[in-house]
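One structure below.
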Amino acid sequence: MNKPNIPKGTRDFGPIEMSRRNYIFSTIRSVFALYGFQQIETPSMELMSTLMGKYGEEGDKLLFRIQNSGEKANEAPEKGLRYDLTVPFARYIVQHRDEIQFPFRRYQIQPVWRADRPQKGRYREFYQCDVDIIGTDSLVSELELVQIVEEVYRRFGIRVCLHLNNRKILAGIAEYIGAPDKIVDITVAIDKMDKIGLDNVNKELAERGLSQDAIGKLQPILNLGGSNTDKLNALRTILACSETGLRGIGEAQELFDRIAASNCQLSICLDLTLARGLNYYTGMIFEVKALDVQIGSITGGGRYDNLTGIFGLPNVSGVGISFGADRIYDVLTELDLYPATMPEATQLLFATFGDEELNYALTWAKSLRQKGIRVEVYPEPAKMKKQMSYADAKAIPFVAIVGGNEMQSDTVMLKDMQSGEQTQLTLNQLFDKILTN
RNA sequence: GUGGUCAUAGCUCAGUUGGCAGAGCAUCGGAUUGUGGUUCCGAGUGUCGUGGGUUCGAGCCCCACUCUCCACCCCA
C-alpha cells in the first residue's frame with residue numbers, strides 16, 4: 001500500500017502549529033481592527049482573464065491553472081488559483097464600487113498559490129495578511145500603515161527595521177542618469193544590493209544594457225549615507241531637474257515628518273536600494289526586515305495609483321501592505337517568542353476512578369464551561385497514570401482527580417501539574433483557582 | 001523554468017567490497033489496582049520513496065520518475 005502524501009510545496013498544520021498560527025492571525029487581526037479595517041474574502045479561484053498579465057511575464061508562469069473536466073490539456077483554462085490578494089481586491093472594488101464607502105479600509109487573510117519551486121520559507125500555498133486603504137491620496141494612509149507595522153511587531157516582540165523608499169524617487173534617478181526607460185531593469189538590479197553587493201549590482205546593470213556613464217552617475221546615489229533627512233536633502237540637489245523625483249522626495253519628506261510627529265518608536269530607514277518586484281507600485285514602498293533573524297522581508301507593500309485602471313476604473317489610488325504569516329511563524333519559532341500559555345488551550349482535565357466519578361466530573365465540567373473555563377473530561381476511568389500522562393502531553397496545567405472520597409465530600413483533588421501540589425477544593429474554590437491562575 | 005542535492009521504523013539517523021534490516025528517541029505494556037514530567041524491565045514496528053535494469057544474490061551498482069533541501073530566476 002502506498003503511503004499517502006500531499007502535493008509538493010504544501011503542508012499540514014498540526015494542533016500546536018495551528019494554535020501558533022491562530023495567535024499570529026488574531027494578533028494581526030486585532031491591530032487591523034484598531035484602525036477600523038473591515039475584513040473581506042474573495043474566491044480561491046479567479047478567471048484567468050483577471051489574473052493574466054498582472055504580475056509580469058514571470059508571474060504568469062507561476063499561476064496555477066484549473067482544468068475543467070471538459071477542457072483539453074492544450075486549451076487555455078478558464079480559471080486559476082489566486083496569486084496574491086491585491087489583484088482580486090482590485091477586481092472586487094471595480095465590481096462592487098457602488099456598495100463601497102470610500103476611503104475603503106479592508107483587510108483580507110487568505111491563502112494564495114504560486115507554482116514556484118519550493119525552498120525553505122517558500123511554499124506553493126501560503127497565507128497573506130493584506131491591509132489596504134483605497135480611494136485617498138493622503139499620506140496619512142501611509143502613516144497609519146507604519147503605525148500598524150509598529151504595533152503588530154511590538155505585540156509579537158520581534159525587533160524589526162522598516163525600509164522605506166519611493167518609486168517616484170527611483171524614476172527620478174533613472175531620469176537623472178539618462179535611462180528613464182530602464183527603470184524596471186534598474187530597480188530589479190539595485191534591489192539585490194543586500195545580497196550580492198555593489199560590484200555585482202553594477203555588473204548586472206551593465207548586462208541589462210545601462211551605459212557606463214549612467215552606472216557612474218548612479219554610484220554617488222547608491223553610496224548616500226547619513227540620516228534619512230541627510231539623504232533627502234542630498235537627493236533634492238541631485239534630482240533637481242526631475243519633476244517626478246522631486247515629487248517623490250516631497251512625499252517621503254511629508255511621511256517622515258508625520259512619522260516624527262506621531263512619536264513612533266519604530267526603527268525606520270530610507271533605503272534607496274529598496275525597489276520591490278511588483279511593478280504596479282507608484283509611490284511610497286515599504287519592506288520590513290527582522291533584525292535578529294536572517295529570513296528576507298516579513299512584510300511589504302506600497303502605494304499604487306492606478307491598480308483598478310486595468311479593470312476599467314481609473315484614478316483610484318490605494319496603499320497597502322501584506323504581512324507574511326508563514327515567515328512571521330518562522331521568526332517567532334526561531335526566537336522562541338510565543339506566549340507561555342496559548343489563548344485557546346485546555347485549562348483543566350478531570351481524571352476519574354470509576355463510572356460514577358465520571359458522571360460527577362461531567363456535571364462539574366458543565367458548570368465550569370458555563371463560566372467560560374476550557375475543560376476536558378478524560379472519557380473513561382482509565383489508569384491514573386494514563387490520564388495524567390495525557391494531561392502532561394497536552395500541557396494541561398491542572399488536573400482535577402475524582403474518586404470516592406472526593407465525591408463524598410463534594411470536592412475534587414486539584415493537582416497543579418507544574419508544582420505537583422495537590423489541594424482538595426469545592427466547585428467554587430476550583431473555579432476561583434483556575435480563573436486567577 | 002535552469003543547475004545541484006536528498007530519500008532506510010512514527011521522528012532523527014547508522015548500515016563495511018553487493019551476503020539474515022539496525023540504534024536512539026517516541027509509542028504501547030509492566031514494576032506501582034489513587035498520580036504525569038525523573039528511574040527500571042519488556043514489546044511491536046519496515047514492500048529500505050516509486051518503477052524498471054545488472055547480479056546466484058541489491059538498502060548499497062545503473063536508468064527513469066516522484067519528493068526534500070539548496071543556489072539561480074522570481075518572491076512572502
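Going through the C-alpha cells in order, the chains are called A, B, and so on, while each chain numbers its residues from 1 and the ligands are numbered from 1 in the order shown.
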**Request:** Give the residues of chain A that lie within 7 Å of chain B; count only C-alpha atoms (C1' of nucleotides), and format the answer as a VMD selection string.
**Result:** chain A and resid 58 119 298 324 384 to 385 388 to 389 392
C-alpha atoms of the current selection, written as a compact mmCIF listing (two decimals), in the first residue's frame:
```txt
# COMPACT_ATOMS: atom_id res chain seq x y z
CA GLU A 58 7.38 35.63 -14.62
CA GLN A 119 12.52 26.09 -0.77
CA ILE A 298 8.41 39.60 6.54
CA GLY A 324 3.83 37.24 5.59
CA MET A 384 -4.47 7.22 36.66
CA LYS A 385 -1.02 7.01 35.03
CA MET A 388 -2.02 12.00 33.99
CA SER A 389 0.21 11.29 31.00
CA ASP A 392 1.14 16.10 30.63
```
**Asked** What residues in stretch 145-295 of chain A get the DSSP label helix (DSSP H, G or I)? Please answer as a PyMOL selection string.
**Response** chain A and resi 145-156+167-176+180-190+193-207+212-222+228-238+243-261
Residues near A:Ile249, anyone? I mean within 12 Å using only C-alpha atoms (C1' of nucleotides), not counting same-chain ones fewer than 5 positions away, as a compact mmCIF listing (two decimals) with N, CA, C and O atoms, in the first residue's frame.
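The resulting file, around.txt, is shown below:
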```txt
# COMPACT_ATOMS: atom_id res chain seq x y z
N LEU A 164 12.00 52.15 3.84
CA LEU A 164 11.08 52.95 3.02
C LEU A 164 11.80 53.43 1.78
O LEU A 164 13.00 53.69 1.80
N ASN A 165 11.04 53.53 0.69
CA ASN A 165 11.55 54.19 -0.50
C ASN A 165 10.35 54.71 -1.27
O ASN A 165 9.21 54.55 -0.83
N ASN A 166 10.61 55.35 -2.40
CA ASN A 166 9.52 55.89 -3.19
C ASN A 166 9.82 55.65 -4.66
O ASN A 166 10.91 55.93 -5.14
N ARG A 167 8.82 55.09 -5.34
CA ARG A 167 9.02 54.76 -6.75
C ARG A 167 9.31 55.99 -7.60
O ARG A 167 10.01 55.93 -8.59
N LYS A 168 8.74 57.14 -7.20
CA LYS A 168 8.98 58.36 -7.96
C LYS A 168 10.44 58.78 -7.83
O LYS A 168 11.02 59.32 -8.76
N ILE A 169 11.02 58.54 -6.65
CA ILE A 169 12.45 58.83 -6.48
C ILE A 169 13.26 57.93 -7.41
O ILE A 169 14.18 58.38 -8.09
N LEU A 170 12.88 56.66 -7.46
CA LEU A 170 13.59 55.73 -8.35
C LEU A 170 13.44 56.17 -9.81
O LEU A 170 14.40 56.12 -10.59
N ALA A 171 12.23 56.63 -10.16
CA ALA A 171 12.01 57.10 -11.53
C ALA A 171 12.87 58.34 -11.80
O ALA A 171 13.46 58.48 -12.87
N GLY A 172 12.95 59.22 -10.80
CA GLY A 172 13.78 60.42 -10.92
C GLY A 172 15.24 60.06 -11.11
O GLY A 172 15.95 60.70 -11.91
N ILE A 173 15.68 59.04 -10.38
CA ILE A 173 17.07 58.61 -10.52
C ILE A 173 17.32 58.10 -11.93
O ILE A 173 18.33 58.43 -12.56
N ASN A 228 18.12 59.94 7.49
CA ASN A 228 17.10 59.98 6.44
C ASN A 228 16.99 61.40 5.89
O ASN A 228 16.85 61.59 4.68
N THR A 229 17.05 62.39 6.77
CA THR A 229 16.96 63.79 6.34
C THR A 229 18.15 64.17 5.46
O THR A 229 17.98 64.83 4.43
N ASP A 230 19.34 63.74 5.86
CA ASP A 230 20.53 64.00 5.04
C ASP A 230 20.35 63.46 3.63
O ASP A 230 20.66 64.12 2.64
N LYS A 231 19.87 62.22 3.56
CA LYS A 231 19.71 61.59 2.24
C LYS A 231 18.70 62.37 1.40
O LYS A 231 18.93 62.61 0.21
N LEU A 232 17.59 62.78 2.02
CA LEU A 232 16.56 63.52 1.27
C LEU A 232 17.13 64.84 0.78
O LEU A 232 16.88 65.24 -0.37
N ASN A 233 17.88 65.53 1.63
CA ASN A 233 18.46 66.83 1.22
C ASN A 233 19.42 66.64 0.05
O ASN A 233 19.41 67.43 -0.90
N ALA A 234 20.24 65.61 0.14
CA ALA A 234 21.19 65.34 -0.94
C ALA A 234 20.44 65.05 -2.24
O ALA A 234 20.79 65.55 -3.31
N LEU A 235 19.39 64.25 -2.14
CA LEU A 235 18.61 63.88 -3.33
C LEU A 235 17.97 65.10 -3.96
O LEU A 235 17.87 65.21 -5.18
N ARG A 236 17.51 66.01 -3.10
CA ARG A 236 16.85 67.21 -3.61
C ARG A 236 17.77 67.97 -4.57
O ARG A 236 17.32 68.50 -5.58
N THR A 237 19.05 67.98 -4.24
CA THR A 237 20.02 68.64 -5.11
C THR A 237 20.26 67.83 -6.38
O THR A 237 20.21 68.35 -7.49
N ILE A 238 20.52 66.54 -6.18
CA ILE A 238 20.87 65.68 -7.33
C ILE A 238 19.71 65.61 -8.33
O ILE A 238 19.93 65.67 -9.54
N LEU A 239 18.49 65.47 -7.82
CA LEU A 239 17.34 65.25 -8.71
C LEU A 239 16.59 66.54 -9.03
O LEU A 239 15.44 66.51 -9.46
N ALA A 240 17.27 67.69 -8.84
CA ALA A 240 16.59 68.98 -9.01
C ALA A 240 15.94 69.11 -10.39
O ALA A 240 14.94 69.80 -10.54
N SER A 242 14.52 66.70 -12.09
CA SER A 242 13.44 65.73 -12.34
C SER A 242 12.20 66.09 -11.53
O SER A 242 12.19 66.01 -10.30
N GLU A 243 11.16 66.46 -12.23
CA GLU A 243 9.92 66.83 -11.55
C GLU A 243 9.36 65.64 -10.76
O GLU A 243 8.94 65.77 -9.62
N THR A 244 9.38 64.45 -11.41
CA THR A 244 8.88 63.25 -10.75
C THR A 244 9.69 62.95 -9.48
O THR A 244 9.13 62.68 -8.42
N GLU A 254 7.19 64.34 3.62
CA GLU A 254 5.94 64.51 4.37
C GLU A 254 5.71 63.30 5.28
O GLU A 254 5.34 63.45 6.45
N LEU A 255 5.93 62.10 4.75
CA LEU A 255 5.71 60.91 5.57
C LEU A 255 6.66 60.89 6.76
O LEU A 255 6.24 60.62 7.89
N PHE A 256 7.93 61.20 6.52
CA PHE A 256 8.89 61.22 7.64
C PHE A 256 8.48 62.26 8.68
O PHE A 256 8.59 62.02 9.89
N LEU A 270 15.36 55.25 5.20
CA LEU A 270 15.16 55.49 3.78
C LEU A 270 16.19 54.64 3.04
O LEU A 270 17.39 54.87 3.17
N LEU A 272 17.40 53.50 -0.47
CA LEU A 272 17.27 53.78 -1.90
C LEU A 272 17.47 52.54 -2.77
O LEU A 272 17.16 52.57 -3.96
N GLY A 283 4.22 54.98 -5.69
CA GLY A 283 4.63 55.98 -4.70
C GLY A 283 5.52 55.37 -3.63
O GLY A 283 6.50 54.71 -3.95
N MET A 284 5.16 55.61 -2.37
CA MET A 284 5.94 55.06 -1.26
C MET A 284 5.91 53.53 -1.33
O MET A 284 4.88 52.94 -1.66
```
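Coordinates place atom CA of A:Pro111 at a distance of 8.5 Å from atom CA of A:Arg82.
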**Asked** Given the choices A:Asp410, A:Glu99, A:Asp181, A:Asp194, which gets closest to A:Thr426 if the distance is worked out from only C-alpha atoms?
**Response** A:Asp410
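Taking atom CA of A:Lys415 and atom CA of A:Pro339 as endpoints, the distance between them is 22.8 Å.
Distance-wise, atom CA of A:Val399 and atom CA of A:Val375 end up 9.8 Å apart.
Shortest separation to A:Arg29 among A:Ile215, A:Phe89, A:Gln265, A:Ala325 occurs at residue A:Ala325, atoms counted being only C-alpha atoms.
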